[in-house]
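One structure is given below, encoded as structure tokens.
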Number of protein chains: 2
Amino acid sequence: MSAMRRLSPSSALVLFSGGQDSSIALVWALTRFERVETIAFDYGQRHQVELAARVAVRREIAQRFLSFAPRLGDDAVIDLSGLGAISETALTRQAEIVIGETGLPTTFVPGRNLVFLTMAAAYAYRRSAGVIVAGMCEADFSGYPDCRRAALDAQMQAIALGMEAEFSLETPLMHLTKAQSWFLAEELGGKDLVDLLIEHTHSCYLGDRATRFDWGYGCGLCPACELRANGWAGYVAARSRREIR
Amino acid sequence: MSAMRRLSPSSALVLFSGGQDSSIALVWALTRFERVETIAFDYGQRHQVELAARVAVRREIAQRFLSFAPRLGDDAVIDLSGLGAISETALTRQAEIVIGETGLPTTFVPGRNLVFLTMAAAYAYRRSAGVIVAGMCEADFSGYPDCRRAALDAQMQAIALGMEAEFSLETPLMHLTKAQSWFLAEELGGKDLVDLLIEHTHSCYLGDRATRFDWGYGCGLCPACELRANGWAGYVAARSRREIR
């Protein structure tokens with residue numbers, strides 16, 4: 001077993017949660033690769049609403065964007081309830097003090113994206129997909145070091161050594177603000193795609209889909225809604241400035 | 001969140017499957033660290049027998065080695081059934097061909113140890129344990145690149161960046177043959193420990209505990225039994241040469 005595993009450079013696996021960022025990453029992949037599969041990890045958080053959003057986004061893309069439909073391949077949801085169990089693990093007294101210092105919530109699962117990436121690579125290995133696409137975003141960095149490109153690159157290096165397989169990792173949203181990512185969506189699929197994303201992607205931490213804002217459904221108050229609302233406002237403002245010019 | 005997480009250098013978390021190697025790694029840790037916790041990952045393979053072996057090994061160590069007992073801390077078994085699901089994922093036609101070339105079985109889960117290490121680090125983070133101890137072994141390398149120290153070091157680098165926490169990884173068996181690891185056990189806990197390990201650790205792939213050999217229970221025929229039997233034979237032979245001298 002010294003030969004590197006041969007993988008297809010035209011097959012991509014997208015880490016697809018049903019949120020705004022990973023949905024844009026999915027469409028980005030559909031414009032570039034011949035076969036695009038999707039994967040998500042279920043660790044017991046915001047379960048129903050996010051899973052429903054994933055199904056809806058995939059369905060709507062296939063129905064409304066006929067050039068993408070034949071490229072959209074299988075979908076997998078992988079159980080990772082063990083990761084949720086780790087986040088519920090009692091903290092030692094020493095840990096509590098230090099968590100206070102770093103300012104991260106006590107339910108924080110450190111290195112979550114490293115686990116997602118490695119499990120995705122194991123799945124991609126079996127599916128011969130040579131490209132992994134993920135929606136992580138450094139610009140809206142909210143305290144999670146495992147969203148940074150340097151951490152993800154280190155993980156890809158470990159995967160290359162530990163699997164003897166070279167995947168390429170694409171993170172098209174890494175250096176975009178949330179406002180810029182709406183422009184990327186517009187560029188990829190026009191107003192139809194922007195409307196689809198507003199209607200069907202889900203961001204709200206509380207799983208609220210009762211209230212509809214310009215930018216989609218949500219409680220409008222949680223940090224995820226705030227980020228999404230601000231990003232949308234930035235996009236709308238920049239767009240109107242462009243139109244005036 | 002720029003400060004590195006403070007972790008205790010005297011607290012260790014051992015990846016402990018109940019097999020021969022990880023049991024020796026556990027005892028090694030008990031001779032060196034003030035607090036030693038254990039963790040395992042359950043992905044639906046050889047479930048009952050291995051879990052029973054883990055419980056028995058921990059219990060026997062605590063009962064027979066009174067200096068270790070107060071150091072032996074909590075135990076966790078984390079569900080990773082998702083990893084089992086990935087191993088059952090259908091292979092694409094292209095993948096089947098390539099798997100044939102590399103000579104690994106089709107149920108092979110690539111990068112398994114990378115996932116274990118990352119999940120263990122997430123758990124250790126919450127428990128403030130600064131040391132991770134694992135029984136991986138390069139010398140008896142059986143086709144799995146994720147057992148090699150270089151792959152594990154790359155994973156620790158990704159963890160350091162992705163968690164902003166510096167763990168040290170100890171792999172006391174990395175460069176030992178199976179025969180040498182019996183000598184390590186003898187050095188750590190004498191004949192009592194060797195007897196304990198023979199009686200209570202489990203290696204056999206088939207989960208056979210009906211037949212007892214000199215080196216423990218097993219079917220005696222599967223690759224794991226063969227490795228264990230050969231290692232034991234090497235230890236016994238080297239030991240008798242020493243005694244003659």
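A note on labels: chains of the structure tokens are A, B, ... as shown, every chain counts residues from 1, and ligands are counted from 1 in their shown order.
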Give the superposed chain A as a PDB file with C-alpha atoms, in the first residue's frame, the fit being least squares on chain B over all ordered C-alpha pairs.
ATOM      1  CA  MET A   1     -10.177  34.204  21.474  1.00  0.00           C
ATOM      2  CA  SER A   2      -6.476  34.527  20.804  1.00  0.00           C
ATOM      3  CA  ALA A   3      -5.169  32.902  23.984  1.00  0.00           C
ATOM      4  CA  MET A   4      -4.162  29.272  23.801  1.00  0.00           C
ATOM      5  CA  ARG A   5      -6.261  26.991  25.965  1.00  0.00           C
ATOM      6  CA  ARG A   6      -4.473  26.045  29.196  1.00  0.00           C
ATOM      7  CA  LEU A   7      -4.372  22.283  29.717  1.00  0.00           C
ATOM      8  CA  SER A   8      -2.948  20.191  32.518  1.00  0.00           C
ATOM      9  CA  PRO A   9       0.366  18.491  31.629  1.00  0.00           C
ATOM     10  CA  SER A  10      -0.254  15.938  34.397  1.00  0.00           C
ATOM     11  CA  SER A  11      -3.626  14.782  33.055  1.00  0.00           C
ATOM     12  CA  ALA A  12      -3.751  12.217  30.283  1.00  0.00           C
ATOM     13  CA  LEU A  13      -6.535  10.811  28.133  1.00  0.00           C
ATOM     14  CA  VAL A  14      -5.855   7.313  26.784  1.00  0.00           C
ATOM     15  CA  LEU A  15      -7.462   5.973  23.603  1.00  0.00           C
ATOM     16  CA  PHE A  16      -8.378   2.652  25.125  1.00  0.00           C
ATOM     17  CA  SER A  17     -10.055  -0.076  23.072  1.00  0.00           C
ATOM     18  CA  GLY A  18      -9.503  -2.986  25.440  1.00  0.00           C
ATOM     19  CA  GLY A  19      -6.945  -4.535  23.116  1.00  0.00           C
ATOM     20  CA  GLN A  20      -3.414  -5.538  24.038  1.00  0.00           C
ATOM     21  CA  ASP A  21      -1.669  -2.398  22.739  1.00  0.00           C
ATOM     22  CA  SER A  22      -4.001   0.213  24.185  1.00  0.00           C
ATOM     23  CA  SER A  23      -4.086  -1.621  27.528  1.00  0.00           C
ATOM     24  CA  ILE A  24      -0.282  -1.450  27.731  1.00  0.00           C
ATOM     25  CA  ALA A  25      -0.500   2.229  26.751  1.00  0.00           C
ATOM     26  CA  LEU A  26      -2.981   2.750  29.601  1.00  0.00           C
ATOM     27  CA  VAL A  27      -0.639   1.219  32.179  1.00  0.00           C
ATOM     28  CA  TRP A  28       2.264   3.198  30.741  1.00  0.00           C
ATOM     29  CA  ALA A  29       0.198   6.376  31.293  1.00  0.00           C
ATOM     30  CA  LEU A  30      -0.667   5.313  34.864  1.00  0.00           C
ATOM     31  CA  THR A  31       3.052   5.178  35.689  1.00  0.00           C
ATOM     32  CA  ARG A  32       3.588   8.740  34.458  1.00  0.00           C
ATOM     33  CA  PHE A  33       0.528  10.962  34.957  1.00  0.00           C
ATOM     34  CA  GLU A  34      -1.445  12.000  38.021  1.00  0.00           C
ATOM     35  CA  ARG A  35      -4.851  11.668  36.405  1.00  0.00           C
ATOM     36  CA  VAL A  36      -5.551   9.188  33.611  1.00  0.00           C
ATOM     37  CA  GLU A  37      -8.932   9.045  31.883  1.00  0.00           C
ATOM     38  CA  THR A  38      -9.939   6.649  29.120  1.00  0.00           C
ATOM     39  CA  ILE A  39     -12.029   6.979  25.974  1.00  0.00           C
ATOM     40  CA  ALA A  40     -13.214   4.620  23.238  1.00  0.00           C
ATOM     41  CA  PHE A  41     -15.216   4.945  20.060  1.00  0.00           C
ATOM     42  CA  ASP A  42     -18.044   2.590  19.279  1.00  0.00           C
ATOM     43  CA  TYR A  43     -18.666   2.242  15.575  1.00  0.00           C
ATOM     44  CA  GLY A  44     -20.439  -1.069  15.656  1.00  0.00           C
ATOM     45  CA  GLN A  45     -17.468  -3.370  15.265  1.00  0.00           C
ATOM     46  CA  ARG A  46     -16.834  -6.256  17.668  1.00  0.00           C
ATOM     47  CA  HIS A  47     -18.987  -4.358  20.068  1.00  0.00           C
ATOM     48  CA  GLN A  48     -19.860  -6.541  23.036  1.00  0.00           C
ATOM     49  CA  VAL A  49     -16.601  -8.425  23.500  1.00  0.00           C
ATOM     50  CA  GLU A  50     -14.388  -5.342  23.241  1.00  0.00           C
ATOM     51  CA  LEU A  51     -16.547  -3.253  25.554  1.00  0.00           C
ATOM     52  CA  ALA A  52     -16.527  -6.086  28.096  1.00  0.00           C
ATOM     53  CA  ALA A  53     -12.737  -6.322  27.802  1.00  0.00           C
ATOM     54  CA  ARG A  54     -12.395  -2.585  28.493  1.00  0.00           C
ATOM     55  CA  VAL A  55     -14.445  -2.824  31.651  1.00  0.00           C
ATOM     56  CA  ALA A  56     -12.548  -5.911  32.829  1.00  0.00           C
ATOM     57  CA  VAL A  57      -9.091  -4.439  32.160  1.00  0.00           C
ATOM     58  CA  ARG A  58      -9.883  -1.201  34.014  1.00  0.00           C
ATOM     59  CA  ARG A  59     -11.403  -3.127  36.934  1.00  0.00           C
ATOM     60  CA  GLU A  60      -8.501  -5.566  37.240  1.00  0.00           C
ATOM     61  CA  ILE A  61      -5.883  -2.810  37.045  1.00  0.00           C
ATOM     62  CA  ALA A  62      -7.654  -0.879  39.812  1.00  0.00           C
ATOM     63  CA  GLN A  63      -7.960  -3.992  41.986  1.00  0.00           C
ATOM     64  CA  ARG A  64      -4.513  -5.496  41.516  1.00  0.00           C
ATOM     65  CA  PHE A  65      -2.319  -2.376  41.206  1.00  0.00           C
ATOM     66  CA  LEU A  66      -3.112  -0.248  44.201  1.00  0.00           C
ATOM     67  CA  SER A  67      -0.673   2.516  43.248  1.00  0.00           C
ATOM     68  CA  PHE A  68      -2.525   2.989  39.946  1.00  0.00           C
ATOM     69  CA  ALA A  69      -6.064   2.887  41.351  1.00  0.00           C
ATOM     70  CA  PRO A  70      -6.275   6.504  42.603  1.00  0.00           C
ATOM     71  CA  ARG A  71      -4.999   7.831  39.273  1.00  0.00           C
ATOM     72  CA  LEU A  72      -7.517   6.011  37.087  1.00  0.00           C
ATOM     73  CA  GLY A  73     -10.248   8.521  36.274  1.00  0.00           C
ATOM     74  CA  ASP A  74     -13.441   8.564  34.255  1.00  0.00           C
ATOM     75  CA  ASP A  75     -14.161   6.445  31.214  1.00  0.00           C
ATOM     76  CA  ALA A  76     -16.195   7.464  28.148  1.00  0.00           C
ATOM     77  CA  VAL A  77     -17.483   5.466  25.195  1.00  0.00           C
ATOM     78  CA  ILE A  78     -18.379   7.787  22.331  1.00  0.00           C
ATOM     79  CA  ASP A  79     -20.848   6.729  19.651  1.00  0.00           C
ATOM     80  CA  LEU A  80     -19.309   6.818  16.186  1.00  0.00           C
ATOM     81  CA  SER A  81     -21.793   4.688  14.309  1.00  0.00           C
ATOM     82  CA  GLY A  82     -21.506   7.212  11.457  1.00  0.00           C
ATOM     83  CA  LEU A  83     -17.989   5.937  10.816  1.00  0.00           C
ATOM     84  CA  GLY A  84     -19.365   2.429  10.439  1.00  0.00           C
ATOM     85  CA  ALA A  85     -21.977   3.783   8.032  1.00  0.00           C
ATOM     86  CA  ILE A  86     -19.210   5.321   5.901  1.00  0.00           C
ATOM     87  CA  SER A  87     -17.436   1.965   5.739  1.00  0.00           C
ATOM     88  CA  GLU A  88     -20.637   0.415   4.418  1.00  0.00           C
ATOM     89  CA  THR A  89     -21.097   3.119   1.785  1.00  0.00           C
ATOM     90  CA  ALA A  90     -21.277   1.691  -1.699  1.00  0.00           C
ATOM     91  CA  LEU A  91     -18.073   2.040  -3.627  1.00  0.00           C
ATOM     92  CA  THR A  92     -18.178   3.550  -7.059  1.00  0.00           C
ATOM     93  CA  ARG A  93     -16.948   1.283  -9.847  1.00  0.00           C
ATOM     94  CA  GLN A  94     -13.756   3.310 -10.088  1.00  0.00           C
ATOM     95  CA  ALA A  95     -13.171   2.903  -6.366  1.00  0.00           C
ATOM     96  CA  GLU A  96     -13.518  -0.861  -6.525  1.00  0.00           C
ATOM     97  CA  ILE A  97     -10.725  -1.112  -9.058  1.00  0.00           C
ATOM     98  CA  VAL A  98      -8.390   1.075  -7.064  1.00  0.00           C
ATOM     99  CA  ILE A  99      -9.120  -0.646  -3.748  1.00  0.00           C
ATOM    100  CA  GLY A 100      -8.103  -3.862  -5.443  1.00  0.00           C
ATOM    101  CA  GLU A 101      -4.755  -2.295  -6.312  1.00  0.00           C
ATOM    102  CA  THR A 102      -3.981  -1.026  -2.825  1.00  0.00           C
ATOM    103  CA  GLY A 103      -4.821  -4.395  -1.319  1.00  0.00           C
ATOM    104  CA  LEU A 104      -6.903  -2.996   1.525  1.00  0.00           C
ATOM    105  CA  PRO A 105     -10.207  -4.637   2.378  1.00  0.00           C
ATOM    106  CA  THR A 106     -13.336  -2.933   1.063  1.00  0.00           C
ATOM    107  CA  THR A 107     -14.593  -2.325   4.593  1.00  0.00           C
ATOM    108  CA  PHE A 108     -11.491  -0.214   5.297  1.00  0.00           C
ATOM    109  CA  VAL A 109     -12.371   3.141   6.877  1.00  0.00           C
ATOM    110  CA  PRO A 110      -9.611   5.468   5.703  1.00  0.00           C
ATOM    111  CA  GLY A 111      -8.263   7.882   8.272  1.00  0.00           C
ATOM    112  CA  ARG A 112     -10.112   6.267  11.166  1.00  0.00           C
ATOM    113  CA  ASN A 113      -7.339   7.142  13.633  1.00  0.00           C
ATOM    114  CA  LEU A 114      -7.438  10.793  12.554  1.00  0.00           C
ATOM    115  CA  VAL A 115     -11.106  10.942  13.548  1.00  0.00           C
ATOM    116  CA  PHE A 116     -10.434   9.140  16.842  1.00  0.00           C
ATOM    117  CA  LEU A 117      -7.589  11.496  17.688  1.00  0.00           C
ATOM    118  CA  THR A 118      -9.599  14.624  16.896  1.00  0.00           C
ATOM    119  CA  MET A 119     -12.645  13.501  18.872  1.00  0.00           C
ATOM    120  CA  ALA A 120     -10.364  12.492  21.750  1.00  0.00           C
ATOM    121  CA  ALA A 121      -8.757  15.940  21.658  1.00  0.00           C
ATOM    122  CA  ALA A 122     -12.189  17.613  21.743  1.00  0.00           C
ATOM    123  CA  TYR A 123     -13.018  15.533  24.815  1.00  0.00           C
ATOM    124  CA  ALA A 124      -9.600  16.191  26.406  1.00  0.00           C
ATOM    125  CA  TYR A 125     -10.109  19.918  25.796  1.00  0.00           C
ATOM    126  CA  ARG A 126     -13.268  19.852  27.861  1.00  0.00           C
ATOM    127  CA  ARG A 127     -11.559  17.765  30.546  1.00  0.00           C
ATOM    128  CA  SER A 128      -8.410  19.967  30.576  1.00  0.00           C
ATOM    129  CA  ALA A 129      -6.196  16.964  29.874  1.00  0.00           C
ATOM    130  CA  GLY A 130      -3.047  18.100  28.083  1.00  0.00           C
ATOM    131  CA  VAL A 131      -1.716  14.690  27.103  1.00  0.00           C
ATOM    132  CA  ILE A 132      -3.230  12.178  24.700  1.00  0.00           C
ATOM    133  CA  VAL A 133      -1.890   8.630  24.876  1.00  0.00           C
ATOM    134  CA  ALA A 134      -2.510   6.097  22.123  1.00  0.00           C
ATOM    135  CA  GLY A 135      -1.312   2.580  21.362  1.00  0.00           C
ATOM    136  CA  MET A 136      -0.718   2.929  17.625  1.00  0.00           C
ATOM    137  CA  CYS A 137       2.189   0.898  16.393  1.00  0.00           C
ATOM    138  CA  GLU A 138       4.215   1.443  13.244  1.00  0.00           C
ATOM    139  CA  ALA A 139       6.343  -1.668  13.593  1.00  0.00           C
ATOM    140  CA  ASP A 140       3.436  -4.028  13.069  1.00  0.00           C
ATOM    141  CA  PHE A 141       2.204  -1.735  10.300  1.00  0.00           C
ATOM    142  CA  SER A 142      -0.534  -3.596   8.470  1.00  0.00           C
ATOM    143  CA  GLY A 143      -1.436  -1.345   5.575  1.00  0.00           C
ATOM    144  CA  TYR A 144      -2.965   1.511   7.542  1.00  0.00           C
ATOM    145  CA  PRO A 145      -1.110   4.775   6.951  1.00  0.00           C
ATOM    146  CA  ASP A 146      -3.036   6.501   9.754  1.00  0.00           C
ATOM    147  CA  CYS A 147      -1.057   4.449  12.318  1.00  0.00           C
ATOM    148  CA  ARG A 148       2.195   6.143  11.340  1.00  0.00           C
ATOM    149  CA  ARG A 149       3.666   8.786  13.578  1.00  0.00           C
ATOM    150  CA  ALA A 150       3.980  11.284  10.688  1.00  0.00           C
ATOM    151  CA  ALA A 151       0.235  11.144  10.016  1.00  0.00           C
ATOM    152  CA  LEU A 152      -0.569  11.475  13.720  1.00  0.00           C
ATOM    153  CA  ASP A 153       1.825  14.420  14.082  1.00  0.00           C
ATOM    154  CA  ALA A 154       0.115  16.165  11.164  1.00  0.00           C
ATOM    155  CA  GLN A 155      -3.216  15.570  12.884  1.00  0.00           C
ATOM    156  CA  MET A 156      -1.898  17.086  16.120  1.00  0.00           C
ATOM    157  CA  GLN A 157      -0.786  20.136  14.149  1.00  0.00           C
ATOM    158  CA  ALA A 158      -4.313  20.533  12.698  1.00  0.00           C
ATOM    159  CA  ILE A 159      -5.757  20.147  16.204  1.00  0.00           C
ATOM    160  CA  ALA A 160      -3.380  22.795  17.603  1.00  0.00           C
ATOM    161  CA  LEU A 161      -4.528  25.272  14.937  1.00  0.00           C
ATOM    162  CA  GLY A 162      -8.202  24.293  14.932  1.00  0.00           C
ATOM    163  CA  MET A 163      -8.645  24.193  18.722  1.00  0.00           C
ATOM    164  CA  GLU A 164      -5.989  26.705  19.766  1.00  0.00           C
ATOM    165  CA  ALA A 165      -4.821  24.168  22.313  1.00  0.00           C
ATOM    166  CA  GLU A 166      -1.486  22.348  22.457  1.00  0.00           C
ATOM    167  CA  PHE A 167      -1.827  18.702  23.349  1.00  0.00           C
ATOM    168  CA  SER A 168       1.141  16.401  23.507  1.00  0.00           C
ATOM    169  CA  LEU A 169       0.659  13.005  21.911  1.00  0.00           C
ATOM    170  CA  GLU A 170       2.405  10.006  23.459  1.00  0.00           C
ATOM    171  CA  THR A 171       2.594   6.740  21.501  1.00  0.00           C
ATOM    172  CA  PRO A 172       4.757   4.495  23.696  1.00  0.00           C
ATOM    173  CA  LEU A 173       4.310   1.425  21.478  1.00  0.00           C
ATOM    174  CA  MET A 174       4.978   3.160  18.142  1.00  0.00           C
ATOM    175  CA  HIS A 175       8.326   1.536  17.433  1.00  0.00           C
ATOM    176  CA  LEU A 176       7.968  -1.682  19.389  1.00  0.00           C
ATOM    177  CA  THR A 177       7.261  -5.091  17.896  1.00  0.00           C
ATOM    178  CA  LYS A 178       4.471  -7.074  19.547  1.00  0.00           C
ATOM    179  CA  ALA A 179       7.172  -9.134  21.322  1.00  0.00           C
ATOM    180  CA  GLN A 180       8.835  -5.972  22.629  1.00  0.00           C
ATOM    181  CA  SER A 181       5.506  -4.622  23.876  1.00  0.00           C
ATOM    182  CA  TRP A 182       5.217  -7.681  26.180  1.00  0.00           C
ATOM    183  CA  PHE A 183       8.628  -6.720  27.602  1.00  0.00           C
ATOM    184  CA  LEU A 184       7.317  -3.188  28.157  1.00  0.00           C
ATOM    185  CA  ALA A 185       4.325  -4.634  30.014  1.00  0.00           C
ATOM    186  CA  GLU A 186       6.643  -6.748  32.157  1.00  0.00           C
ATOM    187  CA  GLU A 187       8.771  -3.698  32.920  1.00  0.00           C
ATOM    188  CA  LEU A 188       5.678  -1.673  33.903  1.00  0.00           C
ATOM    189  CA  GLY A 189       3.904  -4.237  36.069  1.00  0.00           C
ATOM    190  CA  GLY A 190       5.844  -7.499  36.195  1.00  0.00           C
ATOM    191  CA  LYS A 191       4.374 -10.937  35.639  1.00  0.00           C
ATOM    192  CA  ASP A 192       1.111  -9.882  37.320  1.00  0.00           C
ATOM    193  CA  LEU A 193       0.471  -7.346  34.579  1.00  0.00           C
ATOM    194  CA  VAL A 194       1.439  -9.755  31.799  1.00  0.00           C
ATOM    195  CA  ASP A 195      -1.013 -12.301  33.221  1.00  0.00           C
ATOM    196  CA  LEU A 196      -3.750  -9.664  33.522  1.00  0.00           C
ATOM    197  CA  LEU A 197      -3.266  -8.603  29.909  1.00  0.00           C
ATOM    198  CA  ILE A 198      -3.334 -12.186  28.641  1.00  0.00           C
ATOM    199  CA  GLU A 199      -6.511 -12.933  30.546  1.00  0.00           C
ATOM    200  CA  HIS A 200      -8.522  -9.767  29.971  1.00  0.00           C
ATOM    201  CA  THR A 201      -7.430  -7.905  26.825  1.00  0.00           C
ATOM    202  CA  HIS A 202      -9.074  -8.875  23.567  1.00  0.00           C
ATOM    203  CA  SER A 203      -7.663  -8.908  20.034  1.00  0.00           C
ATOM    204  CA  CYS A 204      -9.502 -11.586  17.995  1.00  0.00           C
ATOM    205  CA  TYR A 205     -11.469 -10.193  15.036  1.00  0.00           C
ATOM    206  CA  LEU A 206     -14.147 -12.846  15.471  1.00  0.00           C
ATOM    207  CA  GLY A 207     -14.778 -11.984  19.128  1.00  0.00           C
ATOM    208  CA  ASP A 208     -13.974 -15.556  20.101  1.00  0.00           C
ATOM    209  CA  ARG A 209     -13.425 -15.989  23.855  1.00  0.00           C
ATOM    210  CA  ALA A 210     -14.150 -19.720  24.038  1.00  0.00           C
ATOM    211  CA  THR A 211     -10.645 -21.001  23.285  1.00  0.00           C
ATOM    212  CA  ARG A 212      -7.723 -20.151  25.563  1.00  0.00           C
ATOM    213  CA  PHE A 213      -4.149 -20.106  24.255  1.00  0.00           C
ATOM    214  CA  ASP A 214      -0.927 -19.233  26.108  1.00  0.00           C
ATOM    215  CA  TRP A 215      -1.374 -15.677  24.856  1.00  0.00           C
ATOM    216  CA  GLY A 216      -5.077 -15.259  25.630  1.00  0.00           C
ATOM    217  CA  TYR A 217      -8.477 -15.992  24.129  1.00  0.00           C
ATOM    218  CA  GLY A 218      -9.298 -16.033  20.420  1.00  0.00           C
ATOM    219  CA  CYS A 219     -10.063 -18.074  17.352  1.00  0.00           C
ATOM    220  CA  GLY A 220      -6.322 -18.549  16.818  1.00  0.00           C
ATOM    221  CA  LEU A 221      -6.671 -18.162  13.063  1.00  0.00           C
ATOM    222  CA  CYS A 222      -7.641 -14.566  12.191  1.00  0.00           C
ATOM    223  CA  PRO A 223      -4.906 -11.991  11.397  1.00  0.00           C
ATOM    224  CA  ALA A 224      -5.261 -10.397  14.866  1.00  0.00           C
ATOM    225  CA  CYS A 225      -4.813 -13.765  16.616  1.00  0.00           C
ATOM    226  CA  GLU A 226      -1.881 -14.605  14.358  1.00  0.00           C
ATOM    227  CA  LEU A 227      -0.178 -11.295  15.184  1.00  0.00           C
ATOM    228  CA  ARG A 228      -0.787 -11.797  18.893  1.00  0.00           C
ATOM    229  CA  ALA A 229       0.386 -15.428  18.847  1.00  0.00           C
ATOM    230  CA  ASN A 230       3.564 -14.538  16.949  1.00  0.00           C
ATOM    231  CA  GLY A 231       4.309 -11.652  19.276  1.00  0.00           C
ATOM    232  CA  TRP A 232       3.869 -13.863  22.306  1.00  0.00           C
ATOM    233  CA  ALA A 233       6.094 -16.571  20.791  1.00  0.00           C
ATOM    234  CA  GLY A 234       8.777 -13.946  20.137  1.00  0.00           C
ATOM    235  CA  TYR A 235       8.545 -12.686  23.722  1.00  0.00           C
ATOM    236  CA  VAL A 236       8.740 -16.188  25.205  1.00  0.00           C
ATOM    237  CA  ALA A 237      11.721 -17.113  23.017  1.00  0.00           C
ATOM    238  CA  ALA A 238      13.602 -13.881  23.802  1.00  0.00           C
ATOM    239  CA  ARG A 239      12.827 -14.267  27.482  1.00  0.00           C
ATOM    240  CA  SER A 240      14.206 -17.817  27.645  1.00  0.00           C
ATOM    241  CA  ARG A 241      17.375 -16.697  25.821  1.00  0.00           C
ATOM    242  CA  ARG A 242      17.805 -13.978  28.449  1.00  0.00           C
ATOM    243  CA  GLU A 243      17.366 -16.455  31.289  1.00  0.00           C
ATOM    244  CA  ILE A 244      19.944 -18.826  29.846  1.00  0.00           C
ATOM    245  CA  ARG A 245      22.522 -16.062  29.522  1.00  0.00           C
TER     246      ARG A 245
END
Using the chain letters and numbers from this document, which residues of range 29-203 of chain B does DSSP assign to strand (DSSP E or B), as a list in words?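 Strand (DSSP E or B) assignments inside range 29-203 of chain B correspond to Arg35, Val36, Glu37, Thr38, Ile39, Ala40, Phe41, Asp42, Leu72, Gly73, Asp74, Asp75, Ala76, Val77, Ile78, Asp79, Ala129, Gly130, Val131, Ile132, Val133, Ala165, Ser168, Leu169 and Glu170 of chain B.
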Backbone-only DSSP, alpha helix (DSSP H) members of range 46-96 of chain A, as number ranges by chain: A: 47-64, 81-87, 93-96
N, CA and C atoms of the current selection, written as a short mmCIF file (atom, residue, chain, number, x, y, z; two decimals), in the first residue's frame:
data_model
loop_
_atom_site.label_atom_id
_atom_site.label_comp_id
_atom_site.auth_asym_id
_atom_site.auth_seq_id
_atom_site.Cartn_x
_atom_site.Cartn_y
_atom_site.Cartn_z
N HIS A 47 -31.95 19.87 14.50
CA HIS A 47 -32.10 18.72 13.63
C HIS A 47 -33.15 18.90 12.52
N GLN A 48 -34.38 18.93 12.91
CA GLN A 48 -35.48 18.84 11.93
C GLN A 48 -35.44 19.96 10.89
N VAL A 49 -35.32 21.19 11.37
CA VAL A 49 -35.41 22.34 10.48
C VAL A 49 -34.26 22.34 9.47
N GLU A 50 -33.05 22.05 9.94
CA GLU A 50 -31.90 22.03 9.03
C GLU A 50 -31.99 20.90 8.03
N LEU A 51 -32.41 19.72 8.48
CA LEU A 51 -32.52 18.60 7.54
C LEU A 51 -33.58 18.90 6.49
N ALA A 52 -34.67 19.51 6.91
CA ALA A 52 -35.73 19.88 5.95
C ALA A 52 -35.21 20.92 4.95
N ALA A 53 -34.40 21.86 5.44
CA ALA A 53 -33.84 22.88 4.55
C ALA A 53 -32.93 22.23 3.50
N ARG A 54 -32.13 21.25 3.93
CA ARG A 54 -31.24 20.57 2.98
C ARG A 54 -32.02 19.93 1.84
N VAL A 55 -33.07 19.21 2.23
CA VAL A 55 -33.88 18.53 1.22
C VAL A 55 -34.51 19.55 0.27
N ALA A 56 -35.03 20.63 0.84
CA ALA A 56 -35.71 21.65 0.03
C ALA A 56 -34.72 22.33 -0.93
N VAL A 57 -33.54 22.68 -0.43
CA VAL A 57 -32.56 23.38 -1.28
C VAL A 57 -32.13 22.49 -2.44
N ARG A 58 -31.83 21.23 -2.16
CA ARG A 58 -31.43 20.31 -3.23
C ARG A 58 -32.55 20.15 -4.26
N ARG A 59 -33.78 19.99 -3.76
CA ARG A 59 -34.93 19.80 -4.65
C ARG A 59 -35.14 21.03 -5.54
N GLU A 60 -35.11 22.21 -4.94
CA GLU A 60 -35.38 23.43 -5.69
C GLU A 60 -34.29 23.70 -6.72
N ILE A 61 -33.03 23.43 -6.34
CA ILE A 61 -31.93 23.62 -7.31
C ILE A 61 -32.16 22.70 -8.51
N ALA A 62 -32.48 21.44 -8.23
CA ALA A 62 -32.67 20.47 -9.33
C ALA A 62 -33.85 20.86 -10.21
N GLN A 63 -34.89 21.43 -9.61
CA GLN A 63 -36.09 21.78 -10.39
C GLN A 63 -35.92 23.07 -11.19
N ARG A 64 -35.24 24.06 -10.58
CA ARG A 64 -35.22 25.38 -11.21
C ARG A 64 -33.98 25.62 -12.07
N SER A 81 -23.75 11.75 16.59
CA SER A 81 -24.31 12.09 17.90
C SER A 81 -23.23 12.08 18.98
N GLY A 82 -22.14 11.31 18.73
CA GLY A 82 -21.03 11.29 19.68
C GLY A 82 -20.41 12.66 19.88
N LEU A 83 -20.43 13.48 18.82
CA LEU A 83 -19.88 14.83 18.93
C LEU A 83 -20.76 15.68 19.84
N GLY A 84 -22.06 15.49 19.74
CA GLY A 84 -22.98 16.17 20.65
C GLY A 84 -22.75 15.72 22.08
N ALA A 85 -22.48 14.42 22.26
CA ALA A 85 -22.24 13.91 23.61
C ALA A 85 -20.99 14.55 24.21
N ILE A 86 -19.95 14.76 23.37
CA ILE A 86 -18.74 15.41 23.87
C ILE A 86 -19.05 16.83 24.33
N SER A 87 -19.91 17.52 23.58
CA SER A 87 -20.22 18.90 23.95
C SER A 87 -21.00 18.97 25.25
N ARG A 93 -13.42 21.76 36.79
CA ARG A 93 -13.44 23.10 37.37
C ARG A 93 -12.42 24.00 36.65
N GLN A 94 -11.26 23.42 36.39
CA GLN A 94 -10.22 24.19 35.69
C GLN A 94 -10.69 24.64 34.31
N ALA A 95 -11.42 23.74 33.64
CA ALA A 95 -11.89 24.07 32.30
C ALA A 95 -12.88 25.22 32.33
N GLU A 96 -13.75 25.23 33.33
CA GLU A 96 -14.76 26.27 33.42
C GLU A 96 -14.12 27.65 33.47
#
